[in-house]
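**Student:** Just so it is clear, I am handing over start.cif, which has mmCIF, C-alpha atoms and all ligand atoms.
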data_data
loop_
_atom_site.label_atom_id
_atom_site.label_comp_id
_atom_site.auth_asym_id
_atom_site.auth_seq_id
_atom_site.Cartn_x
_atom_site.Cartn_y
_atom_site.Cartn_z
CA MET A 8 29.37 6.59 13.21
CA GLU A 9 26.16 4.60 13.06
CA ARG A 10 23.12 6.67 12.42
CA ASN A 11 20.17 6.20 14.74
CA ALA A 12 17.19 4.64 13.07
CA GLY A 13 14.62 7.46 12.81
CA PRO A 14 10.83 7.07 12.72
CA PHE A 15 10.91 6.57 8.95
CA ASP A 16 13.91 4.22 8.86
CA PRO A 17 14.15 0.44 8.90
CA PRO A 18 15.33 -0.99 12.24
CA ARG A 19 19.11 -1.04 12.52
CA GLU A 20 19.13 -4.84 12.84
CA ILE A 21 17.56 -5.06 9.38
CA THR A 22 20.09 -2.62 7.91
CA ARG A 23 22.97 -4.61 9.41
CA LEU A 24 21.55 -7.86 8.12
CA ARG A 25 21.18 -6.42 4.62
CA GLU A 26 24.84 -5.41 4.59
CA ALA A 27 26.03 -8.76 5.95
CA ARG A 28 23.70 -11.21 4.21
CA PRO A 29 20.93 -9.77 1.98
CA VAL A 30 19.30 -13.21 1.81
CA SER A 31 19.36 -14.48 5.42
CA PRO A 32 17.96 -17.53 7.11
CA MET A 33 15.40 -16.67 9.75
CA LEU A 34 13.36 -18.43 12.37
CA PHE A 35 9.66 -17.72 12.84
CA ALA A 36 8.26 -17.53 16.34
CA ASP A 37 6.80 -21.02 15.99
CA GLY A 38 10.25 -22.46 15.26
CA HIS A 39 9.59 -22.78 11.54
CA GLU A 40 12.62 -21.91 9.39
CA GLY A 41 12.42 -19.41 6.56
CA TRP A 42 14.34 -16.66 4.77
CA LEU A 43 14.42 -12.89 4.99
CA VAL A 44 15.32 -10.94 1.85
CA THR A 45 16.51 -7.37 2.31
CA GLY A 46 18.85 -6.58 -0.62
CA TYR A 47 17.50 -4.64 -3.61
CA GLU A 48 18.79 -7.01 -6.31
CA ALA A 49 17.62 -10.13 -4.49
CA VAL A 50 14.17 -8.64 -3.86
CA ARG A 51 13.75 -7.79 -7.56
CA GLN A 52 14.97 -11.20 -8.66
CA LEU A 53 12.63 -12.94 -6.24
CA MET A 54 9.56 -10.92 -7.19
CA ALA A 55 10.21 -11.53 -10.90
CA ASP A 56 10.35 -15.32 -10.38
CA THR A 57 6.95 -16.99 -10.13
CA ARG A 58 8.55 -20.16 -8.79
CA PHE A 59 8.38 -18.13 -5.60
CA SER A 60 4.66 -18.59 -5.19
CA SER A 61 2.20 -15.94 -4.01
CA ARG A 62 -0.45 -18.52 -3.45
CA GLN A 63 -1.71 -18.07 0.06
CA ASP A 64 -5.02 -17.81 1.78
CA LEU A 65 -6.05 -14.72 3.70
CA GLY A 66 -2.67 -14.61 5.35
CA VAL A 67 -1.50 -12.80 2.26
CA LEU A 68 -1.37 -9.48 4.04
CA HIS A 69 0.03 -10.75 7.30
CA MET A 70 3.33 -12.05 8.55
CA PRO A 71 2.94 -15.70 9.48
CA TYR A 72 4.57 -15.29 12.86
CA GLU A 73 2.57 -12.22 13.92
CA ILE A 74 -0.64 -14.03 14.60
CA PRO A 75 0.00 -16.95 16.93
CA ASP A 76 -2.93 -19.06 15.84
CA MET A 77 -2.36 -18.53 12.13
CA PRO A 78 -0.74 -21.41 10.27
CA VAL A 79 2.52 -20.85 8.41
CA ILE A 80 2.04 -21.55 4.74
CA THR A 81 4.51 -23.85 3.02
CA GLU A 82 2.38 -25.36 0.30
CA PRO A 83 -0.48 -24.31 -1.95
CA SER A 84 -3.46 -23.52 0.23
CA PRO A 85 -7.07 -23.20 -0.91
CA GLN A 86 -7.43 -19.96 -2.84
CA VAL A 87 -9.87 -17.26 -1.88
CA PRO A 88 -11.97 -16.66 -5.01
CA GLY A 89 -11.08 -13.37 -6.69
CA LEU A 90 -8.11 -12.52 -4.45
CA PHE A 91 -5.65 -12.60 -7.31
CA VAL A 92 -2.80 -10.97 -5.38
CA ALA A 93 -2.57 -14.35 -3.64
CA MET A 94 -2.66 -16.47 -6.80
CA ASP A 95 -0.10 -17.77 -9.27
CA PRO A 96 -0.48 -18.09 -13.04
CA PRO A 97 -2.68 -19.16 -14.73
CA ASP A 98 -5.36 -18.19 -12.13
CA HIS A 99 -3.70 -14.84 -11.48
CA THR A 100 -3.35 -14.12 -15.21
CA ARG A 101 -7.02 -14.83 -15.88
CA LEU A 102 -8.29 -12.37 -13.27
CA ARG A 103 -5.68 -9.65 -13.65
CA ARG A 104 -6.37 -9.57 -17.39
CA LYS A 105 -10.00 -8.71 -16.68
CA LEU A 106 -8.89 -5.55 -14.89
CA THR A 107 -5.98 -4.19 -16.89
CA GLY A 108 -8.33 -2.27 -19.21
CA ALA A 109 -9.89 -0.44 -16.28
CA PHE A 110 -6.52 0.73 -14.94
CA THR A 111 -4.55 1.69 -18.06
CA VAL A 112 -2.38 4.80 -17.99
CA LYS A 113 -4.77 6.33 -20.54
CA ARG A 114 -7.89 5.65 -18.43
CA MET A 115 -6.15 7.07 -15.38
CA LYS A 116 -5.03 10.19 -17.27
CA MET A 117 -8.67 10.80 -18.14
CA LEU A 118 -9.49 10.73 -14.45
CA GLU A 119 -6.79 13.18 -13.48
CA GLU A 120 -8.95 16.29 -13.63
CA HIS A 121 -11.71 14.65 -11.67
CA ILE A 122 -9.31 13.50 -8.97
CA GLY A 123 -8.01 17.08 -8.84
CA ASP A 124 -11.59 18.24 -8.15
CA ILE A 125 -12.04 15.68 -5.36
CA VAL A 126 -8.79 16.90 -3.76
CA GLU A 127 -9.84 20.55 -4.02
CA ARG A 128 -13.27 19.88 -2.52
CA GLN A 129 -11.71 18.09 0.42
CA LEU A 130 -9.22 20.94 0.91
CA ASP A 131 -12.11 23.47 0.80
CA GLU A 132 -13.79 21.56 3.61
CA MET A 133 -10.58 21.43 5.61
CA ALA A 134 -10.00 25.18 5.13
CA ARG A 135 -13.41 25.86 6.71
CA LEU A 136 -12.29 24.19 9.94
CA THR A 137 -10.49 25.92 12.77
CA PRO A 138 -7.12 24.31 13.39
CA THR A 139 -5.93 22.09 15.08
CA VAL A 140 -7.32 19.42 12.70
CA ASP A 141 -6.45 15.79 12.11
CA LEU A 142 -5.05 15.55 8.58
CA VAL A 143 -5.80 11.82 8.41
CA LYS A 144 -9.50 12.27 9.10
CA GLU A 145 -9.99 15.45 7.08
CA PHE A 146 -7.80 14.76 4.08
CA ALA A 147 -5.56 11.69 3.78
CA LEU A 148 -8.28 9.08 4.31
CA PRO A 149 -11.25 10.75 2.52
CA VAL A 150 -9.42 11.48 -0.76
CA PRO A 151 -8.44 7.91 -1.73
CA SER A 152 -11.67 6.53 -0.22
CA LEU A 153 -13.80 8.89 -2.33
CA VAL A 154 -11.79 8.07 -5.45
CA ILE A 155 -11.88 4.28 -5.09
CA CYS A 156 -15.56 4.31 -4.09
CA GLU A 157 -16.45 6.26 -7.18
CA LEU A 158 -14.35 4.09 -9.48
CA LEU A 159 -15.78 0.87 -8.09
CA GLY A 160 -19.31 2.14 -7.60
CA VAL A 161 -19.30 1.62 -3.83
CA PRO A 162 -21.54 4.18 -2.06
CA TYR A 163 -19.26 6.47 -0.01
CA GLU A 164 -22.01 6.68 2.65
CA ASP A 165 -21.15 3.06 3.45
CA ARG A 166 -17.56 3.90 4.29
CA ASP A 167 -17.94 3.04 7.98
CA ASN A 168 -18.23 -0.61 7.00
CA PHE A 169 -15.11 -0.82 4.89
CA GLN A 170 -12.90 1.74 6.66
CA GLY A 171 -13.52 0.28 10.12
CA ASN A 172 -13.33 -3.35 9.05
CA SER A 173 -10.33 -2.95 6.80
CA ALA A 174 -8.48 -1.24 9.67
CA LYS A 175 -9.33 -4.22 11.89
CA PHE A 176 -8.25 -6.60 9.17
CA MET A 177 -4.90 -4.83 8.84
CA ALA A 178 -4.19 -4.39 12.55
CA LYS A 179 -1.48 -6.64 13.91
CA GLU A 180 -2.90 -6.98 17.36
CA GLN A 181 -6.25 -8.41 16.38
CA SER A 182 -6.59 -12.16 16.80
CA PHE A 183 -7.08 -14.34 13.78
CA GLU A 184 -10.78 -14.70 14.72
CA GLU A 185 -11.26 -10.91 14.95
CA LYS A 186 -9.58 -10.44 11.60
CA MET A 187 -11.79 -13.06 10.02
CA ALA A 188 -14.87 -11.41 11.54
CA ALA A 189 -13.86 -8.07 10.00
CA TYR A 190 -13.18 -9.79 6.69
CA GLY A 191 -16.56 -11.55 6.92
CA ALA A 192 -18.41 -8.28 7.54
CA MET A 193 -16.70 -6.58 4.60
CA THR A 194 -17.27 -9.44 2.19
CA ALA A 195 -20.93 -9.90 3.24
CA TYR A 196 -21.47 -6.24 2.37
CA LEU A 197 -19.59 -6.52 -0.93
CA ALA A 198 -21.32 -9.80 -1.96
CA GLU A 199 -24.66 -8.03 -1.70
CA LEU A 200 -23.34 -5.04 -3.63
CA VAL A 201 -21.95 -7.07 -6.55
CA THR A 202 -25.13 -9.19 -6.68
CA ARG A 203 -27.12 -5.97 -7.10
CA LYS A 204 -24.70 -4.78 -9.78
CA ARG A 205 -25.05 -8.05 -11.67
CA ALA A 206 -28.83 -7.50 -11.77
CA GLU A 207 -28.61 -3.79 -12.52
CA PRO A 208 -25.18 -2.76 -13.73
CA GLY A 209 -24.22 0.91 -13.63
CA GLU A 210 -21.24 2.90 -14.88
CA ASP A 211 -18.37 1.69 -12.74
CA ILE A 212 -15.62 -0.94 -12.64
CA LEU A 213 -17.54 -3.46 -10.51
CA SER A 214 -20.55 -3.19 -12.84
CA ASP A 215 -18.31 -3.80 -15.86
CA LEU A 216 -16.94 -6.90 -14.16
CA ALA A 217 -20.44 -8.00 -13.10
CA ARG A 218 -21.49 -8.00 -16.77
CA ASP A 219 -18.89 -10.74 -17.38
CA ASP A 220 -20.64 -14.10 -16.84
CA ASP A 221 -17.29 -15.83 -16.64
CA LEU A 222 -16.89 -14.35 -13.14
CA SER A 223 -18.82 -15.85 -10.22
CA ILE A 224 -20.34 -13.75 -7.43
CA GLU A 225 -17.64 -15.12 -5.08
CA GLU A 226 -14.93 -13.98 -7.48
CA LEU A 227 -16.53 -10.56 -7.93
CA THR A 228 -16.67 -10.22 -4.15
CA GLY A 229 -13.00 -11.15 -3.76
CA ILE A 230 -11.94 -8.70 -6.47
CA ALA A 231 -14.06 -5.94 -4.92
CA PHE A 232 -12.50 -6.63 -1.51
CA LEU A 233 -8.97 -6.52 -2.91
CA LEU A 234 -9.51 -3.31 -4.87
CA LEU A 235 -11.30 -1.53 -2.06
CA LEU A 236 -8.69 -2.47 0.53
CA ALA A 237 -5.66 -1.84 -1.70
CA GLY A 238 -7.24 1.30 -3.12
CA HIS A 239 -7.67 3.26 0.07
CA GLU A 240 -5.41 1.88 2.84
CA THR A 241 -2.08 2.32 1.09
CA THR A 242 -2.63 5.70 -0.54
CA ALA A 243 -4.17 7.19 2.61
CA ASN A 244 -1.07 6.23 4.56
CA MET A 245 1.24 7.62 1.91
CA LEU A 246 -0.59 10.96 2.05
CA SER A 247 -0.45 11.22 5.83
CA LEU A 248 3.01 9.76 6.46
CA GLY A 249 4.32 11.66 3.44
CA THR A 250 3.04 14.94 4.84
CA PHE A 251 4.61 14.12 8.20
CA ALA A 252 7.93 13.31 6.50
CA LEU A 253 7.86 16.58 4.53
CA LEU A 254 7.07 18.62 7.64
CA GLU A 255 10.04 16.93 9.31
CA HIS A 256 12.30 17.90 6.38
CA PRO A 257 11.59 21.63 6.04
CA GLU A 258 14.42 22.20 3.55
CA GLN A 259 12.87 19.61 1.20
CA LEU A 260 9.44 21.13 1.72
CA ALA A 261 10.82 24.58 0.86
CA GLU A 262 12.27 23.19 -2.38
CA LEU A 263 8.87 21.80 -3.32
CA HIS A 264 7.18 25.12 -2.53
CA ALA A 265 9.74 26.93 -4.68
CA ASN A 266 9.50 24.46 -7.55
CA PRO A 267 6.18 22.59 -7.83
CA ASP A 268 7.47 20.86 -10.99
CA LEU A 269 9.51 18.66 -8.68
CA MET A 270 6.31 16.98 -7.48
CA PRO A 271 6.39 13.81 -9.66
CA ASP A 272 9.97 13.08 -8.57
CA ALA A 273 9.15 13.97 -4.97
CA VAL A 274 6.27 11.46 -4.97
CA GLU A 275 8.58 8.68 -6.20
CA GLU A 276 11.12 9.63 -3.57
CA LEU A 277 8.51 9.62 -0.80
CA MET A 278 7.33 6.23 -2.03
CA ARG A 279 10.90 4.92 -1.87
CA TYR A 280 11.80 6.56 1.42
CA LEU A 281 8.63 5.51 3.27
CA SER A 282 7.80 2.17 1.59
CA VAL A 283 4.49 2.08 3.48
CA ALA A 284 3.65 -1.43 2.26
CA ASP A 285 6.85 -3.05 3.45
CA ILE A 286 6.49 -6.75 4.18
CA PHE A 287 5.35 -9.39 1.69
CA TYR A 288 5.96 -13.06 1.51
CA ARG A 289 6.26 -15.92 -0.90
CA TYR A 290 7.17 -19.57 -0.63
CA ALA A 291 9.54 -21.62 -2.75
CA THR A 292 7.86 -24.23 -4.96
CA GLU A 293 11.22 -25.92 -5.60
CA ASP A 294 14.83 -25.56 -4.45
CA LEU A 295 15.86 -22.12 -5.70
CA GLU A 296 19.07 -20.06 -5.79
CA LEU A 297 18.83 -16.48 -4.58
CA GLY A 298 21.70 -14.15 -3.76
CA GLY A 299 24.12 -17.06 -3.51
CA GLU A 300 21.90 -18.99 -1.06
CA THR A 301 19.86 -22.10 -1.70
CA ILE A 302 16.27 -21.72 -0.63
CA GLY A 303 14.77 -25.11 -0.04
CA LYS A 304 11.43 -26.16 -1.49
CA GLY A 305 8.57 -25.18 0.83
CA SER A 306 10.49 -22.38 2.60
CA THR A 307 8.58 -19.24 3.48
CA VAL A 308 10.41 -16.18 2.19
CA VAL A 309 9.80 -12.78 3.78
CA ILE A 310 10.51 -9.69 1.69
CA SER A 311 11.25 -6.23 3.07
CA LEU A 312 10.59 -3.61 0.40
CA LEU A 313 11.72 -0.86 2.77
CA ALA A 314 15.11 -2.54 3.28
CA ALA A 315 15.48 -2.97 -0.50
CA ASN A 316 14.61 0.66 -1.10
CA ARG A 317 17.29 1.74 1.37
CA ASP A 318 20.00 -0.45 -0.16
CA PRO A 319 23.14 1.69 -0.70
CA ARG A 320 24.14 -0.63 -3.55
CA ARG A 321 21.19 0.80 -5.50
CA PHE A 322 20.50 4.27 -4.04
CA GLU A 323 23.18 6.72 -2.97
CA ASN A 324 22.71 8.02 0.59
CA PRO A 325 19.61 5.87 0.82
CA ASP A 326 18.48 7.10 4.23
CA THR A 327 18.29 10.70 3.04
CA LEU A 328 15.01 12.09 1.72
CA ASP A 329 15.93 14.01 -1.43
CA VAL A 330 13.13 15.34 -3.65
CA HIS A 331 15.63 15.83 -6.49
CA ARG A 332 16.48 12.16 -6.60
CA LYS A 333 15.34 10.05 -9.55
CA ALA A 334 13.88 7.31 -7.39
CA ARG A 335 11.95 5.43 -10.07
CA GLY A 336 13.09 1.85 -9.94
CA HIS A 337 12.11 1.68 -6.26
CA THR A 338 10.24 -1.46 -5.30
CA SER A 339 7.37 0.20 -3.39
CA PHE A 340 4.81 -0.93 -5.95
CA GLY A 341 6.37 -4.39 -6.06
CA HIS A 342 7.87 -5.98 -9.16
CA GLY A 343 6.98 -8.73 -11.62
CA ILE A 344 3.52 -10.06 -12.39
CA HIS A 345 1.94 -8.77 -9.17
CA GLN A 346 3.28 -5.23 -9.56
CA CYS A 347 0.66 -2.84 -8.26
CA LEU A 348 -2.35 -2.61 -10.54
CA GLY A 349 -3.33 0.77 -9.08
CA GLN A 350 0.06 2.48 -9.33
CA GLN A 351 -0.95 5.07 -11.90
CA LEU A 352 -4.03 5.89 -9.91
CA ALA A 353 -2.00 6.15 -6.70
CA ARG A 354 0.53 8.43 -8.39
CA ILE A 355 -2.19 10.77 -9.64
CA GLU A 356 -3.79 10.90 -6.19
CA MET A 357 -0.48 11.59 -4.45
CA ARG A 358 0.69 14.25 -6.92
CA ALA A 359 -2.65 16.06 -6.76
CA GLY A 360 -2.93 15.53 -3.00
CA PHE A 361 0.50 16.83 -1.97
CA ALA A 362 0.44 19.65 -4.54
CA GLY A 363 -3.01 20.83 -3.41
CA LEU A 364 -2.09 20.63 0.25
CA LEU A 365 1.10 22.65 -0.19
CA ARG A 366 -0.59 25.28 -2.34
CA ARG A 367 -3.66 25.72 -0.13
CA PHE A 368 -1.86 25.45 3.22
CA PRO A 369 1.60 26.98 2.72
CA THR A 370 2.00 27.52 6.47
CA LEU A 371 1.00 23.96 7.42
CA GLN A 372 2.81 22.63 10.47
CA LEU A 373 2.53 19.95 13.10
CA ALA A 374 0.34 20.93 16.04
CA VAL A 375 2.16 18.57 18.42
CA PRO A 376 5.84 17.70 18.91
CA ALA A 377 6.94 15.16 16.28
CA ASP A 378 7.60 12.45 18.86
CA GLU A 379 3.97 12.63 19.97
CA VAL A 380 2.64 11.70 16.54
CA LYS A 381 1.13 8.22 16.85
CA LEU A 382 2.83 6.02 14.28
CA ARG A 383 0.95 2.98 13.03
CA THR A 384 3.58 0.56 14.26
CA ASP A 385 0.69 -1.74 15.16
CA MET A 386 -0.45 -2.02 11.57
CA ASN A 387 0.82 -3.89 8.54
CA ILE A 388 1.00 -0.73 6.49
CA TYR A 389 3.05 2.12 7.89
CA GLY A 390 1.40 5.43 8.53
CA VAL A 391 0.08 7.57 11.36
CA HIS A 392 -3.13 7.11 13.31
CA GLU A 393 -3.61 10.86 13.52
CA LEU A 394 -1.68 13.84 12.24
CA PRO A 395 -2.66 16.96 14.21
CA VAL A 396 -1.82 19.97 12.04
CA THR A 397 -2.31 23.71 12.20
CA TRP A 398 -1.80 26.67 9.87
CA THR A 399 -2.02 30.44 9.88
CA GLN A 400 -5.56 31.45 9.02
CA THR A 401 -5.86 34.38 6.69
CA PRO A 402 -8.80 36.73 7.37
CA ARG A 403 -11.49 36.39 4.70
C1 LIG B 501 -0.36 -4.89 -5.63
C2 LIG B 501 1.70 -1.25 -3.17
C3 LIG B 501 -2.06 1.66 -4.30
C4 LIG B 501 -4.37 -2.14 -6.17
C5 LIG B 501 0.55 -4.12 -4.92
C6 LIG B 501 1.87 -4.58 -4.52
C7 LIG B 501 2.43 -3.56 -3.81
C8 LIG B 501 1.49 -2.45 -3.79
C9 LIG B 501 3.80 -3.56 -3.16
C10 LIG B 501 2.51 -5.93 -4.85
C11 LIG B 501 2.03 -7.05 -3.95
C12 LIG B 501 2.74 -8.36 -4.18
O1 LIG B 501 3.66 -8.47 -4.98
O2 LIG B 501 2.37 -9.34 -3.49
C13 LIG B 501 0.84 -0.15 -3.26
C14 LIG B 501 1.11 1.16 -2.69
C15 LIG B 501 0.07 1.97 -3.03
C16 LIG B 501 -0.87 1.17 -3.79
C17 LIG B 501 2.35 1.52 -1.88
C18 LIG B 501 -0.18 3.44 -2.73
C19 LIG B 501 0.69 4.34 -2.56
C20 LIG B 501 -3.01 0.89 -4.94
C21 LIG B 501 -4.26 1.40 -5.43
C22 LIG B 501 -4.93 0.34 -5.94
C23 LIG B 501 -4.07 -0.85 -5.78
C24 LIG B 501 -4.75 2.85 -5.38
C25 LIG B 501 -6.30 0.46 -6.55
C26 LIG B 501 -6.99 -0.30 -7.09
C27 LIG B 501 -3.49 -3.21 -6.15
C28 LIG B 501 -3.82 -4.55 -6.62
C29 LIG B 501 -2.67 -5.34 -6.46
C30 LIG B 501 -1.64 -4.47 -5.90
C31 LIG B 501 -5.16 -5.00 -7.18
C32 LIG B 501 -2.50 -6.82 -6.81
C33 LIG B 501 -1.91 -6.95 -8.17
C34 LIG B 501 -1.64 -8.38 -8.60
O3 LIG B 501 -1.55 -9.28 -7.77
O4 LIG B 501 -1.53 -8.60 -9.81
N1 LIG B 501 0.34 -2.82 -4.48
N2 LIG B 501 -0.37 -0.10 -3.90
N3 LIG B 501 -2.91 -0.45 -5.17
N4 LIG B 501 -2.17 -3.20 -5.73
FE1 LIG B 501 -1.24 -1.63 -4.93
#
How does this structure look as structure tokens?

**Tutor:**
Amino acid sequence: MERNAGPFDPPREITRLREARPVSPMLFADGHEGWLVTGYEAVRQLMADTRFSSRQDLGVLHMPYEIPDMPVITEPSPQVPGLFVAMDPPDHTRLRRKLTGAFTVKRMKMLEEHIGDIVERQLDEMARLTPTVDLVKEFALPVPSLVICELLGVPYEDRDNFQGNSAKFMAKEQSFEEKMAAYGAMTAYLAELVTRKRAEPGEDILSDLARDDDLSIEELTGIAFLLLLAGHETTANMLSLGTFALLEHPEQLAELHANPDLMPDAVEELMRYLSVADIFYRYATEDLELGGETIGKGSTVVISLLAANRDPRRFENPDTLDVHRKARGHTSFGHGIHQCLGQQLARIEMRAGFAGLLRRFPTLQLAVPADEVKLRTDMNIYGVHELPVTWTQTPR
């Protein structure tokens, strides 16, 4: 019997397509032909092959057919300085290399204790509140925002600018003009910030980059935008949607309570199961073979990481959340040269975040029926707009 697609599952049409033809032709709303890649193997092969170009303008984070007035990209477009996620080698290599030192496993390990403190402080503040509280506002959004602000040297007091504008930039329903206005406001702010850092560098990643004369102010601004956006949007949604998923799987939650050592595996499994950053796209720079299909030069190729992560050819019972699973090998941080630069940081934040939340709020539960939780189906990164939660307060 076919299982209903639940709130965390890919649509059934996508699942069916993956089984029938993991690399499928598709038609964009404007009539433009492209390809949709849903199978695990094909997704990995594609992301490892730089002949599938990442070079796009600001559309990088948006599906070409979602925004009516946005052009579909089939050839190299002008690059946005610094936005290396949307570049190919050698431009990508040059910029990514400047950042690898700042995000090494070793550097991130050194930060672990400090991130633990940020989590605890935020949980202290939440514990002072009288439930019902919104977990997104009180916990899931502040933790990664505080961490990335501190790393980059962006004043947290200025968060209204980047949280509000990045949400507008990521929302599907905004027009292209509104998105560009949000982008403009964020980059104007960041251009001023990096200019100040160039004049008076401090102890943070943006200051270190600003000391490098090889980077222009426009490039520094683009890098700052990318890191700030990637650094808080994705992790915040993993923390909130992950908590929702755990509350909806009480048996899994109980296992985690009983055995906190399961946390690293549980985080990988939540990453796989939820795949919050699902859709990416590339275009073919020449005729290319993928999964037995020939993708013509200039074709736009849409990738679903969620579909790949639920491929039964790679993961047994893929639609089941199982905190015992060894889910490493999932594609949620991407694959190949663009594989997530912040993955170690994200892992540390998620492990500390979920562990702290479970320990400090063992009786945490949803304060509304699950079907009333507002999912971010209107955004490019999955998550929840709000997660009303409650817990049993112990007398002090
Ligand atoms: C790239 C997911 C957290 C910075 C990526 C890619 C994915 C991803 C799928 C590949 C994009 C592509 O191939 O086009 C996630 C998820 C996160 C997360 C799910 C959280 C759970 C972070 C954090 C940072 C970050 C905390 C902090 C700085 C970046 C950057 C890139 C990237 C800079 C571009 C890398 C490149 O093009 O070489 N991320 N990310 N991410 N991520 Fe993350």

**Student:** Would you kindly return, as a list in words, each protein, DNA or RNA residue with an atom no farther than 10 Å from any atom of segment 112-114 of chain A, considering all atoms listed in the file and excluding same-chain residues fewer than 2 positions away?

**Tutor:**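 So, after excluding close chain neighbours, the residues are Thr107, Gly108, Ala109, Phe110, Lys116, Met117, Leu118, Glu119, Gly349, Gln350, Gln351 and Leu352 of chain A.
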
**Student:** For segment 49-57 of chain A, work out the shell of residues within 10 Å, counting only C-alpha atoms and skipping chain neighbours fewer than 4 positions away, then give it as a compact mmCIF listing (two decimals) with C-alpha atoms, in the coordinates of the input.

**Tutor:**
# COMPACT_ATOMS: atom_id res chain seq x y z
CA PRO A 29 20.93 -9.77 1.98
CA VAL A 30 19.30 -13.21 1.81
CA LEU A 43 14.42 -12.89 4.99
CA VAL A 44 15.32 -10.94 1.85
CA THR A 45 16.51 -7.37 2.31
CA SER A 61 2.20 -15.94 -4.01
CA ASP A 95 -0.10 -17.77 -9.27
CA PRO A 96 -0.48 -18.09 -13.04
CA PHE A 287 5.35 -9.39 1.69
CA TYR A 288 5.96 -13.06 1.51
CA ARG A 289 6.26 -15.92 -0.90
CA TYR A 290 7.17 -19.57 -0.63
CA ALA A 291 9.54 -21.62 -2.75
CA THR A 292 7.86 -24.23 -4.96
CA LEU A 295 15.86 -22.12 -5.70
CA GLU A 296 19.07 -20.06 -5.79
CA LEU A 297 18.83 -16.48 -4.58
CA GLY A 298 21.70 -14.15 -3.76
CA GLY A 299 24.12 -17.06 -3.51
CA VAL A 308 10.41 -16.18 2.19
CA VAL A 309 9.80 -12.78 3.78
CA ILE A 310 10.51 -9.69 1.69
CA SER A 311 11.25 -6.23 3.07
CA LEU A 312 10.59 -3.61 0.40
CA ALA A 314 15.11 -2.54 3.28
CA ALA A 315 15.48 -2.97 -0.50
CA ASN A 316 14.61 0.66 -1.10
CA GLY A 336 13.09 1.85 -9.94
CA HIS A 337 12.11 1.68 -6.26
CA THR A 338 10.24 -1.46 -5.30
CA GLY A 341 6.37 -4.39 -6.06
CA HIS A 342 7.87 -5.98 -9.16
CA GLY A 343 6.98 -8.73 -11.62
CA ILE A 344 3.52 -10.06 -12.39
CA HIS A 345 1.94 -8.77 -9.17
CA GLN A 346 3.28 -5.23 -9.56

**Student:** So that I can see what lies close to His264 of chain A, please list as a list in words the residues with an atom at most 12 Å from it, counting all atoms listed in the file and leaving out residues fewer than 2 positions away in the same chain.

**Tutor:**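 The neighbour list is Leu253, Pro257, Glu258, Gln259, Leu260, Ala261, Glu262, Asn266, Pro267, Asp268, Leu269, Met270, Ala273, Val330, Phe361, Ala362, Gly363, Leu364, Leu365, Arg366, Arg367, Phe368, Pro369, Thr370 and Leu371 of chain A.
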
**Student:** Go through A:Gly229, A:Gly390, A:Gly209, A:Gly171 and flag the residue nearest Val283 of chain A, using all atoms listed in the file for the distances.

**Tutor:**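 Distance minimum relative to Val283 of chain A lands on A:Gly390.
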
**Student:** Please identify all polymer residues within 12 Å of Arg128 of chain A, counting all atoms listed in the file, omitting same-chain residues fewer than 5 positions from it, and present them as JSON, numbers by chain.

**Tutor:** {"A": [121, 122, 123, 133, 134, 135, 145, 146, 149, 150, 153, 360, 363, 364, 367]}

**Student:** A:Arg218, A:His99, A:Arg28, A:Arg58: which is nearest ligand LIG 501 (chain B), counting only C-alpha atoms and all ligand atoms?

**Tutor:**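 Using only C-alpha atoms and all ligand atoms, the shortest distance to ligand LIG 501 (chain B) belongs to A:His99.
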
**Student:** For atom CA of Ala374 of chain A and atom CA of Met177 of chain A, determine how far apart the two atoms are, in Å to one decimal place.

**Tutor:**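 Spanning atom CA of Ala374 of chain A to atom CA of Met177 of chain A is a straight-line distance of 27.3 Å.
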
**Student:** One decimal, Å: what's the distance from atom CA of Gly13 of chain A over to atom CA of Tyr280 of chain A, could you say?

**Tutor:**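 Separation between atom CA of Gly13 of chain A and atom CA of Tyr280 of chain A: 11.8 Å.
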
**Student:** Using only C-alpha atoms and all ligand atoms, which of the listed residues (A:Met278, A:Leu246, A:Val92, A:Ile286) sits closest to ligand LIG 501 (chain B)?

**Tutor:**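 The answer is A:Val92, which sits nearest to ligand LIG 501 (chain B).
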
**Student:** Would you mind reading off the distance between atom CA of Glu225 of chain A and atom C11 of ligand LIG 501 (chain B), one decimal, in Å?

**Tutor:** 21.3 Å

**Student:** If I wrap all listed atoms of ligand LIG 501 (chain B) in a box with edges along x, y and z and add 8 Å on each side, what are its centre and edge lengths in Å to one decimal, as AutoDock Vina command-line options?

**Tutor:**
--center_x -1.6 --center_y -2.5 --center_z -5.8 --size_x 26.8 --size_y 29.7 --size_z 23.9

**Student:** Of the residues A:Thr22, A:Ser152, A:Thr241, A:Gln63, which is the one nearest to ligand LIG 501 (chain B), using all atoms listed in the file?

**Tutor:** A:Thr241

**Student:** For Asn244 of chain A, which residue among A:Ala188, A:Ala231, A:Met386, A:Leu200 is the nearest when counting only C-alpha atoms?

**Tutor:**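 The closest residue to Asn244 of chain A is A:Met386.
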
**Student:** Looking at A:Leu130, A:Leu227, A:Ala93, A:Leu313, which one is nearest to ligand LIG 501 (chain B), with distances taken over only C-alpha atoms and all ligand atoms?

**Tutor:**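 Result for the nearest residue to ligand LIG 501 (chain B): A:Ala93.
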
**Student:** Give me the residues near Ala334 of chain A as a list in words, where near means some atom within 7 Å (using all atoms listed in the file) and where sequence neighbours in that chain fewer than 5 positions away do not count.

**Tutor:**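 Everything that qualifies: Glu275, Glu276 and Arg279 of chain A.
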